[in-house]
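Colleague: Here you go, this is final_38.txt (compact mmCIF, C-alpha atoms).
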# COMPACT_ATOMS: atom_id res chain seq x y z
CA MET E 1 13.51 -0.96 24.72
CA THR E 2 10.54 1.39 24.69
CA ASP E 3 9.66 3.41 21.62
CA GLU E 4 10.95 6.53 23.38
CA GLN E 5 14.31 4.85 24.08
CA ILE E 6 14.53 3.58 20.52
CA VAL E 7 13.81 7.03 19.08
CA ALA E 8 16.28 8.75 21.43
CA GLY E 9 18.96 6.17 20.57
CA CYS E 10 18.34 6.44 16.83
CA VAL E 11 18.54 10.25 16.99
CA LYS E 12 22.01 9.79 18.54
CA GLY E 13 22.94 7.25 15.84
CA ASP E 14 23.14 4.36 18.33
CA PRO E 15 23.39 1.12 16.31
CA ILE E 16 21.72 -0.89 19.09
CA ALA E 17 18.65 1.36 18.96
CA GLN E 18 18.66 1.27 15.15
CA ARG E 19 18.78 -2.51 15.21
CA ALA E 20 15.94 -2.61 17.75
CA LEU E 21 13.79 -0.36 15.55
CA TYR E 22 14.56 -2.43 12.47
CA GLU E 23 13.84 -5.75 14.20
CA GLN E 24 10.61 -4.43 15.67
CA TYR E 25 9.19 -3.14 12.38
CA ALA E 26 10.98 -4.82 9.45
CA ARG E 27 8.57 -7.71 9.02
CA LYS E 28 5.44 -5.57 9.09
CA MET E 29 7.02 -2.96 6.84
CA MET E 30 8.01 -5.65 4.34
CA SER E 31 4.31 -6.51 4.15
CA VAL E 32 3.52 -2.85 3.48
CA CYS E 33 6.15 -2.72 0.72
CA MET E 34 4.93 -6.00 -0.80
CA ARG E 35 1.48 -4.47 -1.24
CA TYR E 36 2.96 -1.78 -3.50
CA ALA E 37 5.76 -3.69 -5.20
CA SER E 38 5.50 -5.87 -8.28
CA GLY E 39 7.79 -8.46 -6.69
CA ARG E 40 9.92 -9.33 -3.69
CA ASP E 41 13.09 -7.69 -5.06
CA GLN E 42 11.32 -4.38 -5.59
CA ALA E 43 9.74 -4.63 -2.12
CA GLN E 44 13.16 -5.23 -0.56
CA ASP E 45 14.51 -2.13 -2.33
CA MET E 46 11.57 -0.13 -1.00
CA LEU E 47 12.12 -1.51 2.50
CA GLN E 48 15.82 -0.66 2.47
CA ASP E 49 15.21 2.86 1.14
CA GLY E 50 12.38 3.29 3.65
CA PHE E 51 14.56 2.42 6.62
CA VAL E 52 17.28 4.76 5.36
CA LYS E 53 14.63 7.53 5.37
CA VAL E 54 13.37 6.47 8.80
CA PHE E 55 16.87 6.72 10.26
CA GLN E 56 17.57 10.02 8.49
CA LYS E 57 14.29 11.60 9.63
CA ILE E 58 13.81 9.98 13.05
CA GLY E 59 14.45 13.37 14.64
CA ASP E 60 11.24 14.59 12.97
CA PHE E 61 9.15 12.04 14.90
CA ARG E 62 7.19 14.10 17.46
CA GLY E 63 5.58 11.25 19.37
CA ASP E 64 2.02 12.55 18.82
CA GLY E 65 1.10 9.14 17.39
CA PRO E 66 2.53 5.63 17.54
CA LEU E 67 6.04 5.12 16.22
CA GLY E 68 4.80 2.21 14.09
CA GLY E 69 2.32 4.49 12.32
CA TRP E 70 5.06 7.00 11.54
CA VAL E 71 7.36 4.25 10.23
CA SER E 72 4.50 2.83 8.14
CA ARG E 73 3.70 6.24 6.63
CA THR E 74 7.39 6.62 5.74
CA MET E 75 7.34 3.21 4.02
CA VAL E 76 4.19 4.05 2.05
CA ASN E 77 5.74 7.33 0.91
CA THR E 78 8.94 5.52 -0.06
CA ALA E 79 6.96 2.94 -2.04
CA LEU E 80 5.10 5.75 -3.82
CA ASP E 81 8.41 7.45 -4.64
CA HIS E 82 9.62 4.21 -6.23
CA LEU E 83 6.43 3.88 -8.25
CA ARG E 84 6.44 7.52 -9.36
CA ARG E 85 9.85 6.96 -10.89
CA ASN E 86 8.33 4.19 -13.00
CA LYS E 87 5.24 6.27 -13.93
CA PRO E 88 2.57 3.54 -13.62
CA TYR E 89 -0.24 5.99 -14.47
CA ALA E 90 0.77 6.64 -18.07
CA HIS E 91 -2.19 4.64 -19.39
CA SER E 92 -4.89 5.96 -17.06
CA VAL E 93 -8.30 6.90 -18.36
CA ASP E 94 -10.80 9.41 -17.04
CA LEU E 95 -13.51 8.26 -14.65
CA THR E 96 -16.27 8.83 -17.19
CA GLU E 97 -14.60 6.29 -19.49
CA ALA E 98 -14.56 3.68 -16.70
CA GLU E 99 -18.07 4.01 -15.22
CA HIS E 100 -19.04 0.59 -16.58
CA LEU E 101 -16.41 -1.04 -14.37
CA HIS E 102 -18.18 -0.08 -11.16
CA ALA E 103 -20.00 -2.96 -9.49
CA GLY E 104 -21.33 -3.88 -6.06
CA SER E 105 -19.56 -4.66 -2.84
CA SER E 106 -16.15 -6.28 -2.85
CA SER E 107 -17.02 -8.50 0.10
CA ALA E 108 -16.30 -11.56 -2.07
CA LEU E 109 -12.70 -11.01 -1.03
CA SER E 110 -13.59 -11.32 2.67
CA GLY E 111 -13.72 -15.13 2.47
CA MET E 112 -10.11 -15.35 1.36
CA THR E 113 -7.00 -15.67 3.51
CA THR E 114 -4.60 -12.76 3.77
CA ASP E 115 -1.99 -14.65 1.75
CA GLU E 116 -4.51 -15.41 -1.01
CA LEU E 117 -5.61 -11.78 -1.16
CA MET E 118 -1.99 -10.56 -1.18
CA ALA E 119 -1.22 -12.90 -4.09
CA LEU E 120 -4.15 -11.42 -6.04
CA ILE E 121 -3.13 -7.84 -5.24
CA GLN E 122 0.42 -8.62 -6.41
CA GLN E 123 -1.00 -9.48 -9.84
CA LEU E 124 -2.52 -6.02 -10.32
CA PRO E 125 -0.72 -3.62 -12.67
CA ASP E 126 1.31 -1.02 -10.73
CA GLY E 127 -1.14 1.87 -11.06
CA TYR E 128 -4.15 -0.21 -10.06
CA ARG E 129 -2.26 -1.82 -7.16
CA THR E 130 -1.07 1.51 -5.81
CA VAL E 131 -4.48 3.16 -5.79
CA PHE E 132 -6.16 0.01 -4.49
CA ASN E 133 -3.72 -0.14 -1.56
CA LEU E 134 -4.00 3.55 -0.75
CA PHE E 135 -7.81 3.59 -0.90
CA ALA E 136 -8.97 0.13 0.20
CA ILE E 137 -6.19 -0.81 2.61
CA GLU E 138 -4.61 2.43 3.86
CA GLY E 139 -7.94 4.31 3.86
CA TYR E 140 -6.89 7.48 2.06
CA PRO E 141 -9.64 9.45 0.25
CA HIS E 142 -9.34 9.78 -3.53
CA LYS E 143 -8.62 13.50 -3.26
CA GLU E 144 -5.56 12.85 -1.07
CA ILE E 145 -4.44 9.92 -3.27
CA ALA E 146 -4.62 12.22 -6.29
CA GLU E 147 -2.40 14.77 -4.54
CA MET E 148 0.07 12.09 -3.41
CA LEU E 149 0.39 10.62 -6.89
CA GLY E 150 0.14 13.79 -8.94
CA VAL E 151 -2.96 12.63 -10.82
CA SER E 152 -6.56 13.85 -10.96
CA GLU E 153 -9.12 12.68 -8.44
CA ASN E 154 -11.05 11.08 -11.33
CA THR E 155 -7.94 9.12 -12.31
CA SER E 156 -7.65 7.81 -8.75
CA LYS E 157 -11.31 6.72 -8.78
CA SER E 158 -10.91 5.17 -12.21
CA GLN E 159 -7.80 3.24 -11.19
CA PHE E 160 -9.59 1.93 -8.10
CA MET E 161 -12.62 0.77 -10.07
CA LYS E 162 -10.37 -0.90 -12.64
CA ALA E 163 -8.44 -2.61 -9.84
CA ARG E 164 -11.67 -3.99 -8.40
CA ALA E 165 -12.80 -5.24 -11.81
CA TYR E 166 -9.37 -6.78 -12.42
CA LEU E 167 -9.44 -8.50 -9.02
CA ARG E 168 -12.88 -9.94 -9.77
CA LYS E 169 -11.44 -11.53 -12.91
CA LEU E 170 -8.62 -13.04 -10.85
CA LEU E 171 -10.86 -14.46 -8.11
CA PRO E 172 -10.93 -18.24 -7.88
CA GLN E 173 -14.07 -19.61 -9.58
CA GLU E 174 -15.48 -21.05 -6.33
CA VAL E 175 -15.44 -17.56 -4.75
CA VAL E 176 -17.16 -16.06 -7.79
CA GLU E 177 -19.81 -18.82 -7.71
CA HIS E 178 -20.36 -18.37 -3.96
CA TYR E 179 -20.63 -14.56 -4.29
CA PRO E 180 -21.91 -14.07 -7.86
CA ASN E 181 -22.64 -10.34 -7.42
CA GLY E 182 -19.74 -9.61 -5.08
CA ARG E 183 -22.17 -9.78 -2.14
CA GLU E 184 -22.78 -12.35 0.53
CA GLY E 185 -26.10 -14.13 0.62
Can I see the file as C-alpha cells?

Modeller:
Amino acid sequence: MTDEQIVAGCVKGDPIAQRALYEQYARKMMSVCMRYASGRDQAQDMLQDGFVKVFQKIGDFRGDGPLGGWVSRTMVNTALDHLRRNKPYAHSVDLTEAEHLHAGSSSALSGMTTDELMALIQQLPDGYRTVFNLFAIEGYPHKEIAEMLGVSENTSKSQFMKARAYLRKLLPQEVVEHYPNGREG
C-alpha cells in the first residue's frame, strides 16, 4: 500500500490500512519513544498512546511532508506529554548556574555504535534526556524546546549542557582516553 492509500484507509477506519501503517512505522517509532523513555515499559506506553493519537488525527495529515515525519512528530509530542505529567524539570537550574558544564565538541560519541549511544542516553535523568533528544537528535532550537516543555530557554540550554556533561561521565574510559577533550585528533 502507498502512503496515500494507507492514509485514506485509516481515515475510513479500515483495519487493514491501520495495520499497514502500524507495521510500517512501529519499529522506528519504538526507537523514537525509547529515546525519551526511562525504560522499555514506558516506551511501549508512549508508543501505544502515540498510535492511538495517529489514528485519531490521521485526517489532519495534509500530505505536505512525508507520512513518516508526521507520525514521528506525533510520537515525539506523545512522549513529551508523558514526561510533562511526571514533571522532570522540577530540579532545573538557570543557565548562568551551569556555565561551567559547557565543554568542547561532543564528537567523542561519534565513535560509538547506535546501540551503545542509546544505552548511554537511556541513563540520563528524564529532563536531561528529553532536552538532549529534542536538541541534539531531533534538531529543535532551544527557544522551541522551551515552548514545547513550558520552561525557559535558559533552562533548555542548561539541561542540554548538563546532559552533555553527564554523558561524558558515562563514556567508556577508552573513548575518553582516545578523545580527551571531546575532540578528534

Colleague: Could you pull the residues within 10 Å of Pro125 (chain E), counting all atoms listed in the file, minus those fewer than 2 positions along the same chain, as a list in words?

Modeller: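 Those residues are Ala37, Ser38, Pro88, Tyr89, Ile121, Gln122, Gln123, Gly127, Tyr128, Arg129, Thr130, Gln159, Ala163 and Tyr166 of chain E.
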
Colleague: One decimal, Å: what's the distance from CA of Lys12 (chain E) over to CA of Lys28 (chain E), could you say?

Modeller: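 According to the coordinates, CA of Lys12 (chain E) and CA of Lys28 (chain E) are separated by 24.5 Å.
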
Colleague: Excluding Met30 (chain E) and residues on its chain fewer than 5 positions from it, collect all residues at most 8 Å away from it, counting only C-alpha atoms, and give them as a ChimeraX atom specification.

Modeller: /E:43-44,47

Colleague: Counting only C-alpha atoms, find residues at most 12 Å from (7.6, -0.2, 12.3) (file frame) and give them as JSON, numbers by chain.

Modeller: {"E": [3, 6, 7, 18, 19, 20, 21, 22, 23, 24, 25, 26, 27, 28, 29, 30, 31, 32, 33, 47, 50, 51, 54, 55, 58, 66, 67, 68, 69, 70, 71, 72, 73, 74, 75, 76]}

Colleague: Determine the nearest neighbour of Thr78 (chain E) from the options E:Tyr140, E:Met1, E:Asp115, E:Met148, counting all atoms listed in the file.

Modeller: E:Met148

Colleague: Looking at all atoms listed in the file, which of E:Ala17, E:Leu83, E:Leu120, E:Cys10 is the one that sits closest to Gln42 (chain E)?

Modeller: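 Closest residue, counting all atoms listed in the file: E:Leu83.
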
Colleague: Identify which of the residues E:Leu124, E:Leu170, E:Val131, E:Ala136 lies closest to Ser156 (chain E), counting all atoms listed in the file when measuring atom-to-atom distances.

Modeller: E:Val131

Colleague: When you count all atoms listed in the file, which of these residues is closest to Asp60 (chain E): E:Leu171, E:Leu80, E:Ala8, E:Tyr36?

Modeller: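 Smallest distance to Asp60 (chain E) is found for E:Ala8.
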
Colleague: Which residue out of E:Arg35, E:Gly13, E:Arg62, E:Thr155 has the minimum interatomic distance to Ile137 (chain E) when only C-alpha atoms are used?

Modeller: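 Looking only at the distances to Ile137 (chain E), the closest residue turns out to be E:Arg35.
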
Colleague: Rounded to one decimal, what separation in Å do you get between CA of Arg40 (chain E) and CA of Lys169 (chain E)?

Modeller: 23.4 Å

Colleague: From the list E:Glu147, E:Asp81, E:Glu116, E:Asp126, which residue is nearest Asp45 (chain E) when using only C-alpha atoms?

Modeller: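 Of the candidates, the smallest distance to Asp45 (chain E) is held by E:Asp81.
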
Colleague: CA of Lys57 (chain E) and CA of Val11 (chain E) are how many Å apart?

Modeller: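 CA of Val11 (chain E) lies at a distance of 8.6 Å from CA of Lys57 (chain E).
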